[in-house]
$ cat input.cif   # mmCIF, C-alpha atoms
data_final
loop_
_atom_site.group_PDB
_atom_site.id
_atom_site.type_symbol
_atom_site.label_atom_id
_atom_site.label_comp_id
_atom_site.auth_asym_id
_atom_site.auth_seq_id
_atom_site.Cartn_x
_atom_site.Cartn_y
_atom_site.Cartn_z
ATOM 1 C CA MET A 1 -39.885 -77.298 65.299
ATOM 2 C CA ASP A 2 -37.471 -77.585 68.193
ATOM 3 C CA LYS A 3 -34.692 -78.541 65.723
ATOM 4 C CA LEU A 4 -35.342 -75.635 63.346
ATOM 5 C CA ILE A 5 -34.597 -72.934 65.894
ATOM 6 C CA PRO A 6 -31.039 -74.149 66.680
ATOM 7 C CA MET A 7 -30.437 -74.643 62.951
ATOM 8 C CA ALA A 8 -31.574 -71.098 62.160
ATOM 9 C CA VAL A 9 -29.402 -69.732 64.953
ATOM 10 C CA ALA A 10 -26.450 -71.732 63.588
ATOM 11 C CA ILE A 11 -27.039 -70.391 60.060
ATOM 12 C CA VAL A 12 -27.241 -66.807 61.356
ATOM 13 C CA CYS A 13 -24.003 -67.310 63.287
ATOM 14 C CA VAL A 14 -22.307 -68.750 60.222
ATOM 15 C CA LEU A 15 -23.466 -65.849 58.078
ATOM 16 C CA PHE A 16 -22.364 -63.372 60.713
ATOM 17 C CA ILE A 17 -18.935 -64.975 60.986
ATOM 18 C CA ALA A 18 -18.715 -65.106 57.172
ATOM 19 C CA SER A 19 -19.567 -61.420 56.946
ATOM 20 C CA LEU A 20 -16.839 -60.693 59.466
ATOM 21 C CA SER A 21 -14.432 -62.844 57.469
ATOM 22 C CA MET A 22 -15.075 -61.318 54.031
ATOM 23 C CA PHE A 23 -13.989 -57.945 52.748
ATOM 24 C CA THR A 24 -13.705 -56.342 49.312
ATOM 25 C CA VAL A 25 -10.674 -54.575 47.876
ATOM 26 C CA ASP A 26 -11.471 -51.898 45.260
ATOM 27 C CA GLN A 27 -9.282 -51.572 42.152
ATOM 28 C CA ARG A 28 -8.324 -48.099 43.355
ATOM 29 C CA GLN A 29 -6.974 -49.417 46.664
ATOM 30 C CA TYR A 30 -4.311 -51.443 48.392
ATOM 31 C CA ALA A 31 -5.233 -53.395 51.538
ATOM 32 C CA LEU A 32 -3.134 -54.424 54.539
ATOM 33 C CA VAL A 33 -4.323 -57.212 56.817
ATOM 34 C CA PHE A 34 -3.209 -56.762 60.436
ATOM 35 C CA GLN A 35 -3.097 -59.302 63.238
ATOM 36 C CA PHE A 36 -2.237 -58.018 66.685
ATOM 37 C CA GLY A 37 -0.940 -54.795 65.113
ATOM 38 C CA GLU A 38 1.428 -56.538 62.710
ATOM 39 C CA VAL A 39 1.059 -56.692 58.942
ATOM 40 C CA VAL A 40 0.418 -60.296 57.960
ATOM 41 C CA ARG A 41 -0.781 -59.844 54.399
ATOM 42 C CA VAL A 42 -0.517 -57.255 51.597
ATOM 43 C CA ILE A 43 -3.312 -57.266 49.025
ATOM 44 C CA LYS A 44 -2.667 -55.437 45.753
ATOM 45 C CA GLU A 45 -5.283 -57.059 43.521
ATOM 46 C CA PRO A 46 -8.989 -56.112 43.612
ATOM 47 C CA GLY A 47 -11.660 -58.614 44.550
ATOM 48 C CA ILE A 48 -13.230 -60.438 47.521
ATOM 49 C CA GLN A 49 -10.759 -61.413 50.254
ATOM 50 C CA PHE A 50 -10.973 -63.272 53.584
ATOM 51 C CA LYS A 51 -9.586 -62.675 57.049
ATOM 52 C CA ILE A 52 -9.819 -64.250 60.438
ATOM 53 C CA PRO A 53 -12.699 -62.517 62.195
ATOM 54 C CA LEU A 54 -11.984 -60.727 65.466
ATOM 55 C CA LEU A 55 -8.256 -61.539 65.207
ATOM 56 C CA GLN A 56 -7.502 -59.667 62.011
ATOM 57 C CA ASN A 57 -8.458 -56.235 60.724
ATOM 58 C CA VAL A 58 -7.973 -54.444 57.379
ATOM 59 C CA ARG A 59 -6.753 -50.967 56.431
ATOM 60 C CA TYR A 60 -7.093 -49.472 52.960
ATOM 61 C CA PHE A 61 -4.682 -47.152 51.150
ATOM 62 C CA ASP A 62 -5.285 -45.202 47.953
ATOM 63 C CA ARG A 63 -3.243 -46.439 44.978
ATOM 64 C CA ARG A 64 -4.291 -43.661 42.548
ATOM 65 C CA VAL A 65 -2.099 -40.798 41.377
ATOM 66 C CA GLN A 66 -2.495 -37.912 43.802
ATOM 67 C CA THR A 67 -1.599 -34.236 43.686
ATOM 68 C CA ILE A 68 0.089 -32.026 46.240
ATOM 69 C CA ASP A 69 -0.427 -28.317 45.623
ATOM 70 C CA ALA A 70 1.757 -25.811 47.405
ATOM 71 C CA GLU A 71 -0.164 -24.148 50.211
ATOM 72 C CA ALA A 72 1.369 -20.795 49.226
ATOM 73 C CA PRO A 73 4.193 -19.638 46.949
ATOM 74 C CA GLU A 74 7.551 -20.379 48.570
ATOM 75 C CA PRO A 75 10.441 -17.871 48.499
ATOM 76 C CA PHE A 76 13.694 -19.177 46.990
ATOM 77 C CA ASN A 77 17.031 -17.522 46.246
ATOM 78 C CA THR A 78 18.628 -17.962 42.814
ATOM 79 C CA ARG A 79 22.324 -18.081 42.006
ATOM 80 C CA GLU A 80 22.241 -14.294 41.511
ATOM 81 C CA LYS A 81 20.904 -13.917 45.069
ATOM 82 C CA LYS A 82 17.533 -12.795 43.742
ATOM 83 C CA ASN A 83 14.447 -13.708 45.719
ATOM 84 C CA VAL A 84 11.650 -15.354 43.726
ATOM 85 C CA LEU A 85 8.260 -16.759 44.715
ATOM 86 C CA VAL A 86 7.635 -20.277 43.426
ATOM 87 C CA ASP A 87 4.241 -21.976 43.194
ATOM 88 C CA SER A 88 4.495 -25.688 42.370
ATOM 89 C CA PHE A 89 2.615 -28.987 42.422
ATOM 90 C CA VAL A 90 3.612 -32.660 42.665
ATOM 91 C CA LYS A 91 2.090 -35.841 41.238
ATOM 92 C CA TRP A 92 2.735 -38.964 43.366
ATOM 93 C CA ARG A 93 1.400 -42.419 44.188
ATOM 94 C CA VAL A 94 2.013 -45.268 46.605
ATOM 95 C CA VAL A 95 3.972 -48.146 45.031
ATOM 96 C CA ASP A 96 5.012 -50.130 48.148
ATOM 97 C CA VAL A 97 2.080 -50.013 50.534
ATOM 98 C CA GLU A 98 3.734 -52.007 53.338
ATOM 99 C CA GLN A 99 6.806 -49.788 53.358
ATOM 100 C CA PHE A 100 4.543 -46.741 53.089
ATOM 101 C CA TYR A 101 2.631 -47.817 56.205
ATOM 102 C CA LYS A 102 5.767 -48.594 58.193
ATOM 103 C CA ALA A 103 7.498 -45.341 57.183
ATOM 104 C CA VAL A 104 4.704 -42.761 57.501
ATOM 105 C CA GLY A 105 1.512 -44.593 58.436
ATOM 106 C CA THR A 106 -0.982 -42.136 56.936
ATOM 107 C CA GLU A 107 -1.439 -40.076 53.806
ATOM 108 C CA ALA A 108 -1.359 -36.846 55.807
ATOM 109 C CA ALA A 109 2.074 -37.734 57.181
ATOM 110 C CA ALA A 110 3.215 -38.743 53.690
ATOM 111 C CA VAL A 111 2.079 -35.409 52.234
ATOM 112 C CA ALA A 112 3.966 -33.489 54.926
ATOM 113 C CA ARG A 113 7.095 -35.571 54.247
ATOM 114 C CA LEU A 114 6.820 -35.112 50.472
ATOM 115 C CA ARG A 115 6.309 -31.356 50.826
ATOM 116 C CA GLN A 116 9.570 -31.160 52.718
ATOM 117 C CA ILE A 117 11.402 -33.329 50.169
ATOM 118 C CA ILE A 118 10.191 -31.238 47.233
ATOM 119 C CA ASN A 119 10.869 -27.968 49.028
ATOM 120 C CA ASP A 120 14.452 -29.008 49.789
ATOM 121 C CA GLY A 121 14.985 -30.165 46.201
ATOM 122 C CA LEU A 122 13.641 -26.926 44.710
ATOM 123 C CA ARG A 123 15.680 -24.799 47.111
ATOM 124 C CA ALA A 124 18.892 -26.645 46.228
ATOM 125 C CA GLU A 125 18.241 -26.492 42.484
ATOM 126 C CA PHE A 126 17.165 -22.840 42.421
ATOM 127 C CA GLY A 127 20.321 -21.911 44.302
ATOM 128 C CA GLN A 128 22.370 -23.196 41.356
ATOM 129 C CA LYS A 129 20.341 -21.559 38.575
ATOM 130 C CA THR A 130 19.648 -18.030 37.354
ATOM 131 C CA VAL A 131 16.219 -16.439 37.072
ATOM 132 C CA ALA A 132 16.335 -16.870 33.289
ATOM 133 C CA ASP A 133 17.070 -20.591 33.714
ATOM 134 C CA VAL A 134 14.079 -21.286 35.956
ATOM 135 C CA VAL A 135 11.683 -19.020 34.077
ATOM 136 C CA SER A 136 12.279 -20.294 30.558
ATOM 137 C CA GLY A 137 15.731 -21.410 29.499
ATOM 138 C CA LYS A 138 16.263 -24.579 31.596
ATOM 139 C CA ARG A 139 12.919 -24.934 33.322
ATOM 140 C CA ASP A 140 12.208 -28.486 32.139
ATOM 141 C CA GLU A 141 15.733 -29.559 33.015
ATOM 142 C CA VAL A 142 15.412 -28.071 36.501
ATOM 143 C CA MET A 143 12.090 -29.819 37.101
ATOM 144 C CA GLU A 144 13.392 -33.187 35.924
ATOM 145 C CA THR A 145 16.407 -32.900 38.219
ATOM 146 C CA VAL A 146 14.170 -32.049 41.181
ATOM 147 C CA ARG A 147 11.844 -34.944 40.326
ATOM 148 C CA LYS A 148 14.661 -37.479 40.185
ATOM 149 C CA ARG A 149 16.125 -36.372 43.511
ATOM 150 C CA ALA A 150 12.711 -36.279 45.188
ATOM 151 C CA ASP A 151 11.802 -39.693 43.768
ATOM 152 C CA ALA A 152 14.984 -41.224 45.174
ATOM 153 C CA ASP A 153 14.053 -39.956 48.661
ATOM 154 C CA ALA A 154 10.353 -40.801 48.286
ATOM 155 C CA ARG A 155 11.127 -44.451 47.453
ATOM 156 C CA LYS A 156 12.308 -44.818 51.056
ATOM 157 C CA ILE A 157 8.713 -44.342 52.181
ATOM 158 C CA GLY A 158 7.170 -46.474 49.416
ATOM 159 C CA VAL A 159 6.161 -43.543 47.200
ATOM 160 C CA GLN A 160 6.912 -42.746 43.550
ATOM 161 C CA ILE A 161 7.202 -39.123 42.407
ATOM 162 C CA LEU A 162 5.717 -38.967 38.919
ATOM 163 C CA ASP A 163 6.057 -35.273 38.157
ATOM 164 C CA VAL A 164 7.096 -31.947 39.635
ATOM 165 C CA ARG A 165 5.889 -28.786 37.904
ATOM 166 C CA LEU A 166 6.052 -25.050 38.453
ATOM 167 C CA LYS A 167 2.762 -23.213 38.179
ATOM 168 C CA ARG A 168 4.267 -19.776 38.605
ATOM 169 C CA VAL A 169 7.614 -18.106 39.230
ATOM 170 C CA ASP A 170 7.334 -14.476 40.232
ATOM 171 C CA PHE A 171 9.189 -11.746 42.083
ATOM 172 C CA PRO A 172 7.946 -10.318 45.381
ATOM 173 C CA ASP A 173 5.805 -7.189 45.003
ATOM 174 C CA ASN A 174 8.571 -4.713 45.812
ATOM 175 C CA ILE A 175 10.974 -6.360 43.356
ATOM 176 C CA SER A 176 8.232 -6.797 40.728
ATOM 177 C CA ASN A 177 7.543 -3.056 40.807
ATOM 178 C CA SER A 178 11.244 -2.306 40.469
ATOM 179 C CA VAL A 179 11.601 -4.748 37.579
ATOM 180 C CA PHE A 180 8.497 -3.335 35.897
ATOM 181 C CA ASP A 181 9.821 0.239 36.218
ATOM 182 C CA ARG A 182 13.188 -0.812 34.808
ATOM 183 C CA MET A 183 11.552 -2.659 31.902
ATOM 184 C CA GLN A 184 9.320 0.343 31.238
ATOM 185 C CA SER A 185 12.341 2.654 31.201
ATOM 186 C CA GLU A 186 14.185 0.315 28.835
ATOM 187 C CA ARG A 187 11.177 0.167 26.511
ATOM 188 C CA ARG A 188 10.937 3.965 26.524
ATOM 189 C CA THR A 189 14.626 4.206 25.616
ATOM 190 C CA VAL A 190 14.197 1.693 22.808
ATOM 191 C CA ALA A 191 11.071 3.501 21.560
ATOM 192 C CA SER A 192 12.886 6.845 21.593
ATOM 193 C CA GLN A 193 15.797 5.330 19.711
ATOM 194 C CA LEU A 194 13.473 3.797 17.134
ATOM 195 C CA ARG A 195 11.655 7.106 16.695
ATOM 196 C CA SER A 196 14.988 8.896 16.194
ATOM 197 C CA GLU A 197 16.124 6.302 13.694
ATOM 198 C CA GLY A 198 12.754 6.553 11.924
ATOM 199 C CA ALA A 199 12.968 10.355 11.735
ATOM 200 C CA ALA A 200 16.526 10.153 10.374
ATOM 201 C CA GLU A 201 15.468 7.575 7.817
ATOM 202 C CA ALA A 202 12.484 9.737 6.824
ATOM 203 C CA GLU A 203 14.794 12.727 6.298
ATOM 204 C CA ARG A 204 17.146 10.590 4.239
ATOM 205 C CA ILE A 205 14.273 9.321 2.101
ATOM 206 C CA ARG A 206 12.920 12.855 1.623
ATOM 207 C CA ALA A 207 16.381 14.151 0.685
ATOM 208 C CA GLU A 208 16.845 11.268 -1.719
ATOM 209 C CA ALA A 209 13.400 11.945 -3.214
ATOM 210 C CA ASP A 210 14.162 15.675 -3.602
ATOM 211 C CA LYS A 211 17.477 14.843 -5.224
ATOM 212 C CA GLN A 212 15.809 12.380 -7.553
ATOM 213 C CA LYS A 213 13.178 14.994 -8.353
ATOM 214 C CA GLU A 214 15.821 17.563 -9.300
ATOM 215 C CA VAL A 215 17.702 15.022 -11.367
ATOM 216 C CA THR A 216 14.488 13.968 -13.119
ATOM 217 C CA LEU A 217 13.477 17.587 -13.821
ATOM 218 C CA ALA A 218 16.945 18.448 -15.090
ATOM 219 C CA GLU A 219 16.977 15.397 -17.298
ATOM 220 C CA ALA A 220 13.476 16.227 -18.578
ATOM 221 C CA TYR A 221 14.501 19.827 -19.272
ATOM 222 C CA ARG A 222 17.615 18.666 -21.083
ATOM 223 C CA LYS A 223 15.581 16.223 -23.114
ATOM 224 C CA ALA A 224 12.968 18.901 -23.861
ATOM 225 C CA GLN A 225 15.640 21.354 -24.997
ATOM 226 C CA GLU A 226 17.218 18.668 -27.084
ATOM 227 C CA LEU A 227 13.888 17.836 -28.719
ATOM 228 C CA LYS A 228 13.119 21.517 -29.136
ATOM 229 C CA GLY A 229 16.473 22.045 -30.796
ATOM 230 C CA GLN A 230 15.839 19.093 -33.075
ATOM 231 C CA GLY A 231 12.392 20.510 -33.880
ATOM 232 C CA ASP A 232 13.773 23.965 -34.554
ATOM 233 C CA ALA A 233 16.471 22.496 -36.762
ATOM 234 C CA LYS A 234 13.909 20.427 -38.632
ATOM 235 C CA ALA A 235 11.622 23.448 -38.998
ATOM 236 C CA ALA A 236 14.495 25.526 -40.247
ATOM 237 C CA ALA A 237 15.360 22.802 -42.725
ATOM 238 C CA ILE A 238 11.739 22.688 -43.893
ATOM 239 C CA TYR A 239 11.653 26.478 -44.178
ATOM 240 C CA ALA A 240 14.903 26.445 -46.109
ATOM 241 C CA GLU A 241 13.628 23.740 -48.390
ATOM 242 C CA ALA A 242 10.362 25.621 -48.930
ATOM 243 C CA PHE A 243 12.264 28.838 -49.586
ATOM 244 C CA GLY A 244 14.453 27.082 -52.096
ATOM 245 C CA LYS A 245 11.443 25.727 -53.978
ATOM 246 C CA ASN A 246 9.383 28.949 -54.046
ATOM 247 C CA PRO A 247 11.014 31.981 -52.436
ATOM 248 C CA GLU A 248 8.108 34.277 -53.245
ATOM 249 C CA PHE A 249 5.533 32.013 -51.559
ATOM 250 C CA TYR A 250 7.819 31.621 -48.568
ATOM 251 C CA ALA A 251 8.158 35.411 -48.250
ATOM 252 C CA PHE A 252 4.404 35.801 -48.592
ATOM 253 C CA TRP A 253 3.733 33.165 -45.918
ATOM 254 C CA ARG A 254 6.185 34.730 -43.528
ATOM 255 C CA SER A 255 4.648 38.154 -44.088
ATOM 256 C CA MET A 256 1.202 36.756 -43.310
ATOM 257 C CA ASP A 257 2.496 35.426 -40.016
ATOM 258 C CA VAL A 258 3.981 38.810 -39.206
ATOM 259 C CA TYR A 259 0.698 40.595 -40.103
ATOM 260 C CA LYS A 260 -1.256 38.194 -37.911
ATOM 261 C CA ASP A 261 1.041 38.742 -34.938
ATOM 262 C CA SER A 262 1.201 42.496 -35.465
ATOM 263 C CA PHE A 263 -2.568 43.132 -35.710
ATOM 264 C CA LYS A 264 -3.658 40.648 -33.068
ATOM 265 C CA ASN A 265 -5.089 43.332 -30.751
ATOM 266 C CA LYS A 266 -7.127 46.344 -31.797
ATOM 267 C CA SER A 267 -5.246 48.482 -29.342
ATOM 268 C CA ASP A 268 -1.901 47.823 -31.008
ATOM 269 C CA VAL A 269 -0.336 50.917 -32.601
ATOM 270 C CA MET A 270 2.447 50.882 -35.203
ATOM 271 C CA VAL A 271 4.140 53.938 -36.651
ATOM 272 C CA LEU A 272 5.615 53.191 -40.086
ATOM 273 C CA GLU A 273 6.214 55.079 -43.320
ATOM 274 C CA PRO A 274 3.620 54.298 -45.974
ATOM 275 C CA ASN A 275 6.245 53.195 -48.442
ATOM 276 C CA SER A 276 7.776 50.801 -45.904
ATOM 277 C CA GLU A 277 8.678 47.336 -47.092
ATOM 278 C CA PHE A 278 6.331 46.033 -44.390
ATOM 279 C CA PHE A 279 3.250 47.008 -46.448
ATOM 280 C CA LYS A 280 4.324 45.648 -49.819
ATOM 281 C CA TYR A 281 1.758 42.807 -49.797
ATOM 282 C CA PHE A 282 -0.975 45.238 -48.780
ATOM 283 C CA LYS A 283 -0.207 47.379 -51.821
ATOM 284 C CA ASN A 284 0.364 44.553 -54.304
ATOM 285 C CA PRO A 285 -0.533 40.992 -53.275
ATOM 286 C CA HIS A 286 1.160 39.707 -56.428
ATOM 287 C CA SER A 287 4.389 41.504 -55.653
ATOM 288 C CA GLN A 288 7.521 39.654 -56.597
ATOM 289 C CA GLY A 289 9.545 41.217 -53.868
ATOM 290 C CA LYS A 290 9.718 44.601 -55.631
#
$ encode --input "input.cif" --output "structure tokens"
Amino acid sequence: MDKLIPMAVAIVCVLFIASLSMFTVDQRQYALVFQFGEVVRVIKEPGIQFKIPLLQNVRYFDRRVQTIDAEAPEPFNTREKKNVLVDSFVKWRVVDVEQFYKAVGTEAAAVARLRQIINDGLRAEFGQKTVADVVSGKRDEVMETVRKRADADARKIGVQILDVRLKRVDFPDNISNSVFDRMQSERRTVASQLRSEGAAEAERIRAEADKQKEVTLAEAYRKAQELKGQGDAKAAAIYAEAFGKNPEFYAFWRSMDVYKDSFKNKSDVMVLEPNSEFFKYFKNPHSQGK
């Protein structure tokens, strides 16, 4: 029994020392092992690691991709000396943890340093570009240039810049109102011009339609007169042919038409001599023109 107590104490001490000696590195982390304030080992692979208890200590650093959002839109001047507000974000990660620790020490210090690097890069690039370039025309090109320059500076502190993007590019309120008013005025001018052009085109179409109408009516009238003339000529030919075949019947038929037209209304009054040629078929239906 007397031997078990020292053995148990020894086992507890061993376990305690082992617990102080072991540490785990997550796959999302880097680890630096320090001894008397100096880095003695850099651990980049996940798993269980060992250190000298009491003499060595471990610090962990995030190896994941991180994002820096602008605290507020920053004012920049373009090549045209126009002031714009730029809201951006940055994607970055630690690639050399030992250099990162020696250069900045903490993530907070790294973020402050990267904000300054990106801000300087954007300011320099915006100063060489127009508003149209940074809004749409060369936006991707501008961002890639800023990223490359920022990445070159960030490597000095063990950081890689993966991406720089603009979330928003806008004018200050006073300039935005002025731009909006100018755009509104331009749109009104364009709308007025389009309305004028539309009215002129409508008048032209109406005039063309009226002209076409007159031409069509004239052509129809000409065609009608032509057909009427042909009909009259054909009727005359038929009458002539009928007269040639039986003059007496033709005279009788014509007289009947005249009688029908003359006595159409009861109120019609005609004053003629009784022996007038007009009444010859009343007197003698079989008259032979005598």
$ residues_near_point --input "input.cif" --point "(18.0, -21.9, 41.9)" --cutoff "10 Å" --atoms "all atoms listed in the file" --output "list in words"
Phe76, Asn77, Thr78, Arg79, Glu80, Lys81, Lys82, Asn83, Val84, Gly121, Leu122, Arg123, Ala124, Glu125, Phe126, Gly127, Gln128, Lys129, Thr130, Val131, Asp133, Val134 and Val142 of chain A
$ axis_aligned_box --input "input.cif" --around "segment 29-38 of chain A" --padding-each-side "4 Å" --output "JSON"
{"center_x": -2.8, "center_y": -54.4, "center_z": 56.7, "size_x": 16.4, "size_y": 17.9, "size_z": 28.0}
$ atom_distance --input "input.cif" --atom1 "atom CA of Phe89 of chain A" --atom2 "atom CA of Leu166 of chain A"
6.6 Å
$ closest_residue --input "input.cif" --among "A:Glu74, A:Phe100, A:Val90, A:Ser192" --to "Glu144 of chain A" --atoms "all atoms listed in the file"
A:Val90
$ resolve_selection --input "input.cif" --expression "the PyMOL selection byres ((chain A and resi 64-69) around 8)" --output "JSON, numbers by chain"
{"A": [28, 29, 62, 63, 70, 71, 88, 89, 90, 91, 92, 93, 94, 111, 115]}
$ write_last_selection --input "input.cif" --atoms "C-alpha atoms" --output "mmCIF file, in the coordinates of the input"
data_model
loop_
_atom_site.group_PDB
_atom_site.id
_atom_site.type_symbol
_atom_site.label_atom_id
_atom_site.label_comp_id
_atom_site.auth_asym_id
_atom_site.auth_seq_id
_atom_site.Cartn_x
_atom_site.Cartn_y
_atom_site.Cartn_z
ATOM 1 C CA ARG A 28 -8.324 -48.099 43.355
ATOM 2 C CA GLN A 29 -6.974 -49.417 46.664
ATOM 3 C CA ASP A 62 -5.285 -45.202 47.953
ATOM 4 C CA ARG A 63 -3.243 -46.439 44.978
ATOM 5 C CA ALA A 70 1.757 -25.811 47.405
ATOM 6 C CA GLU A 71 -0.164 -24.148 50.211
ATOM 7 C CA SER A 88 4.495 -25.688 42.370
ATOM 8 C CA PHE A 89 2.615 -28.987 42.422
ATOM 9 C CA VAL A 90 3.612 -32.660 42.665
ATOM 10 C CA LYS A 91 2.090 -35.841 41.238
ATOM 11 C CA TRP A 92 2.735 -38.964 43.366
ATOM 12 C CA ARG A 93 1.400 -42.419 44.188
ATOM 13 C CA VAL A 94 2.013 -45.268 46.605
ATOM 14 C CA VAL A 111 2.079 -35.409 52.234
ATOM 15 C CA ARG A 115 6.309 -31.356 50.826
#
$ resolve_selection --input "input.cif" --expression "the PyMOL selection byres ((chain A and resi 56) around 10)" --output "list in words"
Leu20, Ser21, Val33, Phe34, Gln35, Phe36, Gly37, Glu38, Val39, Val40, Phe50, Lys51, Ile52, Pro53, Leu54, Leu55, Asn57 and Val58 of chain A
$ closest_residue --input "input.cif" --among "A:Val97, A:Leu194, A:Ala108, A:Ala72" --to "Leu85 of chain A" --atoms "only C-alpha atoms"
A:Ala72
